[in-house]
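A.B. asks: There's a structure below that I have some questions on.
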Amino acid sequence: MSEAKEVTLHCPKCQSEGKFKVWNSVNADLNPELREMVLDDSMFRFHCEKCQSDFLIPNPTLYHDMKHKFMVWLVADANDKMPNFSISGNPEFNNYRCRVVSSLDELKEKIFIFESGLYDVVIEIIKFELRSGSFDNEASNLHFAGGEYYFSELTRSGLIFKQVTDGKESQTFAIPMDLYNAFHQAAREQKLVDLPLKFYRVDEAWIKKNVK
């Protein structure tokens, strides 16, 4: 189920006190409206009534999708610890994919990946290649080195990614599905697709460490 509590915060700008609802867990099946609040950032937006300023406060939150069988912990602050939540030996979580992320963009990306029936390990391999500049294409005027890359949706054109540079979206582009399938096959051969049940931080560092 979804769990929340109300806390008192001090506005980072004017230091006045205000109430803020902190969500410890979100169940996207039981409360689909909370999924939208995650995707539009409103769940993590603190509004100061005195100075009318808005701030994003990505508190530790567990996002749970029973239909697509995945859970993602958002732990944005390195000093925060994930709440104690046991999944080991629990048949309820068989075939689940469990991840840890450190930003709202990463959380939303994992949601889009798993809802699309894709594997984040494969997506991260593609993103690693994008960052290396391996897919630069003069004919299409796409240049991929630099910035951050986030998967956003699966379409008939392929996998749609957005490139974010200096906090702003600089371009979107499609990666063909046959390229995804090739990387998927390579990842499966290395036994990186169906990982043992525990929470993983699957990101660039994980790819560098585990992909041969």
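Going through the structure tokens in order, the chains are called A, B, and so on, while each chain numbers its residues from 1 and the ligands are numbered from 1 in the order shown.
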Quick one: pick out all alpha helix (DSSP H) residues within region 23-119 of chain A from a backbone DSSP run and write them as a list in words.

C.D. replies: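 After running DSSP on the backbone, region 23-119 of chain A has alpha helix (DSSP H) at Pro32, Glu33, Leu34, Arg35, Glu36, Met37, Val38, Leu39, Leu104, Asp105, Glu106, Leu107, Lys108, Glu109, Lys110, Ile111, Phe112, Ile113, Phe114 and Glu115 of chain A.
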
A.B. asks: Identify, on the basis of only C-alpha atoms, every residue whose closest approach to region 95-103 of chain A does not exceed 7 Å; exclude the query and any residue fewer than 6 positions from it along the same chain; express the result as number ranges by chain.

C.D. replies: A: 69-76, 198-202

A.B. asks: Between A:Ser152, A:Asn31, A:Ser25, A:Thr61, single out the one closest to Phe114 (chain A), counting only C-alpha atoms.

C.D. replies: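 Of A:Ser152, A:Asn31, A:Ser25, A:Thr61, the one nearest Phe114 (chain A), counting only C-alpha atoms, is A:Ser152.
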
A.B. asks: So, with only C-alpha atoms as the atoms that count, which of A:Ala205, A:Ile123, A:Glu49, A:Asp105 lies closest to Val164 (chain A)?

C.D. replies: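 Going through A:Ala205, A:Ile123, A:Glu49, A:Asp105 one by one, the smallest distance to Val164 (chain A) is for A:Asp105.
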
A.B. asks: Could you write out, as a ChimeraX atom specification, all the residues of chain A that DSSP marks as strand (DSSP E)?

C.D. replies: /A:3-10,17-27,45-47,54-56,61-65,70-74,97-101,148-155,158-165,168-175,199-200

A.B. asks: Just how far from CA of Asp54 (chain A) is CA of Asp41 (chain A), in Å to one decimal?

C.D. replies: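 Between CA of Asp41 (chain A) and CA of Asp54 (chain A) the gap is 11.3 Å.
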
A.B. asks: Have a look at CA of Thr165 (chain A) and CA of Phe112 (chain A) and let me know their distance in Å, one decimal.

C.D. replies: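 Between these atoms lies a distance of 20.4 Å.
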
A.B. asks: Within 10 Å of Ile175 (chain A), counting only C-alpha atoms, which residues show up once you throw out same-chain ones fewer than 6 positions away? Write them as a count of residues only, please.

C.D. replies: 9

A.B. asks: Find the spatial neighbours of region 192-197 of chain A, counting only C-alpha atoms, within a cut-off of 7 Å - ignore same-chain residues fewer than 5 positions away - and output them as a ChimeraX atom specification.

C.D. replies: /A:88,119,121,187

A.B. asks: Return the single residue from A:Asp77, A:Glu148, A:Ala186, A:Glu92 that is closest to Thr172 (chain A), with distances computed using only C-alpha atoms.

C.D. replies: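 Looking at the shortest contact to Thr172 (chain A), the residue is A:Glu148.
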
A.B. asks: For Met37 (chain A), find every residue with an atom within 12 Å (counting only C-alpha atoms), except residues of its own chain fewer than 2 positions away, and show them as a list of chain:residue names.

C.D. replies: A:Trp23, A:Val26, A:Asn27, A:Ala28, A:Asn31, A:Pro32, A:Glu33, A:Leu34, A:Arg35, A:Leu39, A:Asp40, A:Asp41, A:Ser42, A:Met43, A:Phe44, A:Arg45, A:Tyr63, A:Leu104, A:Lys108

A.B. asks: Include C-alpha atoms and write out the residues we just selected as a PDB file, in the first residue's frame.

C.D. replies:
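The resulting file, selection_38.pdb, is reproduced below:
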```pdb
ATOM      1  CA  TRP A  23       5.532   9.735   0.727  1.00  0.00           C
ATOM      2  CA  VAL A  26       3.837   4.471  -3.549  1.00  0.00           C
ATOM      3  CA  ASN A  27       1.754   1.611  -4.944  1.00  0.00           C
ATOM      4  CA  ALA A  28       1.038   2.465  -8.576  1.00  0.00           C
ATOM      5  CA  ASN A  31      -3.172   4.470  -6.223  1.00  0.00           C
ATOM      6  CA  PRO A  32      -2.640   5.230  -9.929  1.00  0.00           C
ATOM      7  CA  GLU A  33      -3.010   8.954  -9.270  1.00  0.00           C
ATOM      8  CA  LEU A  34       0.261   8.806  -7.345  1.00  0.00           C
ATOM      9  CA  ARG A  35       2.064   7.566 -10.455  1.00  0.00           C
ATOM     10  CA  LEU A  39       5.938  11.719 -13.203  1.00  0.00           C
ATOM     11  CA  ASP A  40       5.040  15.428 -12.973  1.00  0.00           C
ATOM     12  CA  ASP A  41       7.215  15.914  -9.830  1.00  0.00           C
ATOM     13  CA  SER A  42       4.277  17.248  -7.806  1.00  0.00           C
ATOM     14  CA  MET A  43       4.768  14.545  -5.152  1.00  0.00           C
ATOM     15  CA  PHE A  44       8.157  16.039  -4.331  1.00  0.00           C
ATOM     16  CA  ARG A  45       7.399  19.733  -4.808  1.00  0.00           C
ATOM     17  CA  TYR A  63       7.810   2.972  -5.904  1.00  0.00           C
ATOM     18  CA  LEU A 104      13.806  11.848  -9.977  1.00  0.00           C
ATOM     19  CA  LYS A 108      10.876   8.172 -14.007  1.00  0.00           C
TER      20      LYS A 108
END
```
